[in-house]
Every structure is written in C-alpha cells, then in structure tokens.
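> My structure is below; once you've seen it, I'll send some questions.
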Amino acid sequence: MHKQHKIFEALNRASSYLLDNGREEAAARILLQHTLGISQAGLLASMRDDMDEISFTEFWSRIEQHAKGTPVQHLTGYEIFYDRKFSVNQDVLIPRPETEELVEEALELIAKYISNPSPSIADIGTGSGIIAITMKQELPSSKVTGTDISQKALDTARINASELGAEVDFKLGDLLEPLKGQKWDVILSNPPYIAYSEAESMSDSVKDFEPHSALFAEQEGLALYYKMMEDLPNLLNKPGIIGLEIGHLQGEAVEKMMRTAFPQAKIYCKKDINKNDRMVFCINT
C-alpha cells in the first residue's frame, strides 16, 4: 500500500530539503502549485488534502532537479513578466524584474517625448521576446521589431508573441544589423553584459542552465555596448529614445559612450529598485 502524503506535509518536506541544499524554500510552493495545477489560494485551501502518489512523485522529481540547480522556470516552463506569462527554456535568458523597470521607464519617456502615434520600436537581443512583446501590448499602435543572433531564441519569442496575441516582427541577425535602412523612434536592449571574470561568483542555476551567449560579453562585459554605439546615431530618429540595461558597475562607462555618440542628447543613468545602476537612457531631441 502506498504511503499517503498530505499536501502540507509534502510542501514542508520539500521546503526543508531545498533549504538544506542551499536553495530558496519558496521554490517548493511554486513547484507544488505547478504540479497540482492550482493557484496559491487553491493550494492554501487544499493543504490538508491527500496528494496522490503520481503527483507526489512528479513533484519530488522537480524538487530534486531544482536542488541540483535546474531553474524553477525551466521546470515550470514559464516566467511572469509585466503580469504576462512568457514561455522560457534553455535557449533564452530567464526574465528578471529589473528589465520590467527598463520597460516602465521607456513607456514614460515615449509618452513624454514621442509624438508619433505609431512609434517604431526595436528590441535588440530580444531573447524570449519580453521587451518587444510587452511594448507592443502596452502600445498597441506601435510597430515593434525584435532582433536576435539566435534562431532558437527567436523561435521561443515567436511562440510567446503568438500565445499573447502580439504582432511583432522578429528578425535574425547580429545586434543592429537587421535594423539598417530604417530610422527608429525607440531602441531598447538588454544585451549580454556580464564579464567572464564574474562567472566564478555566479549561481550555478544561472551559469549552468542559461545560455552563455545571452549572459557574457568581452571587454569586462562592455563589448556589445561599444559595438552598438557605432550604428546607433545612424538609426535613431529625432526625437528618439534609447534605453539600455546594464551591469551595476557599468553606468559610468556606458553613459560616457552614449555622450560620445550623442553629444547633444540628454543622457542619464537610472538605478533599479535595489539602488544599483541598471539602465542608461538617451533622449535625442
């Protein structure tokens, strides 16, 4: 006879197991909800219910995988970004809350400086498509393009656009290459910006499971900013806006590059909710 597990017992056991393995215990609740297909309220309401053996086995398998480093989002298959559900996998970066702040600031700047009712917006290194799709959803009249050097990343972005009903033009190519021949009102990017020297101090769940091409860059993480600065002045409309996500130690360097590329523009670095330098914006008026 199989041992019966109460849902609350399974959750407590999993939380302790993750804690013992150096993981966040909150992951146990997320994985349990995912396994049972219920909301947080549903989970609370069913804590004293029995959990069938098949569900328990599935749940414990996910717990063990996460304990060994597999990100929760790879086990559930999605992450929430700007209140929308985005499919993620090993081919794309898992969305971070800091990128929501980049989108938020960009939307405020567009409302203030861009009079074009159908602004052209480009997202460089789109990955799972979070920035491009969110901009299209928040500004339905905009014309949005997302570029990436990875075909697999673009396949994931297209699935997300389709699932969320967002009409975005995705183009394969290196950084700004696919944008040439057109001027853009808004150019946004969360490029790879981690220095290879930082790899040692990173969590294994990031380093071992997320694509290195979306994480790391040469020249202490600054290589792709240097490369983009060569083309940005030829691609940006006037008025136009650029928003770049950066590493927390890169504010001064990226601001300096931007001032060289756009000597007449308003340039500023904005901190994220954790008080770290996280975004550099250019308002080209």
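Here's how to read the names in the structure tokens: chain A, B, ... by the order shown, residue numbers from 1 in each chain, ligand numbers from 1 in the order shown.
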Excluding Thr134 of chain A and residues on its chain fewer than 3 positions from it, collect all residues at most 9 Å away from it, counting only C-alpha atoms, and give them as a list in words.
Phe81, Tyr82, Arg84, Val103, Gly129, Ile130, Ile131, Gln137, Glu138, Leu139 and Ala166 of chain A
> If we count only C-alpha atoms, what is near Glu58 of chain A at a cut-off of 8 Å, once residues fewer than 4 positions away on the same chain are taken out, given as a PyMOL selection string?
chain A and resi 35+54+62
> Tell me, which residues of segment 111-268 of chain A carry DSSP alpha helix (DSSP H), written as a VMD selection string?
chain A and resid 111 to 113 130 to 138 151 to 164 204 to 207 223 to 235 251 to 261
> Compile the contact shell of segment 109-121 of chain A as a list in words: residues with an atom at most 6 Å away, counting only C-alpha atoms, same-chain residues fewer than 5 positions apart removed.
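Those residues are Ser141, Ser142, Lys143, Val144, Trp184, Asp185, Val186 and Ile187 of chain A.
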> Write the selection just made, keeping C-alpha atoms, as a PDB file, in the first residue's frame?

ATOM      1  CA  SER A 141      -0.454  51.089 -32.270  1.00  0.00           C
ATOM      2  CA  SER A 142       3.353  50.796 -32.204  1.00  0.00           C
ATOM      3  CA  LYS A 143       5.364  48.961 -34.848  1.00  0.00           C
ATOM      4  CA  VAL A 144       7.744  46.648 -32.990  1.00  0.00           C
ATOM      5  CA  TRP A 184      13.658  54.202 -35.321  1.00  0.00           C
ATOM      6  CA  ASP A 185      11.808  56.210 -32.680  1.00  0.00           C
ATOM      7  CA  VAL A 186      12.813  53.899 -29.826  1.00  0.00           C
ATOM      8  CA  ILE A 187      15.682  51.399 -29.498  1.00  0.00           C
TER       9      ILE A 187
END
> Env of segment 149-165 of chain A: 12 Å cut, atoms = only C-alpha atoms, seq-sep filter 6 positions within chain, self excluded. Answer as a ChimeraX atom specification.
/A:77-81,83-94,123-137,140,171-178,191-192,210-214
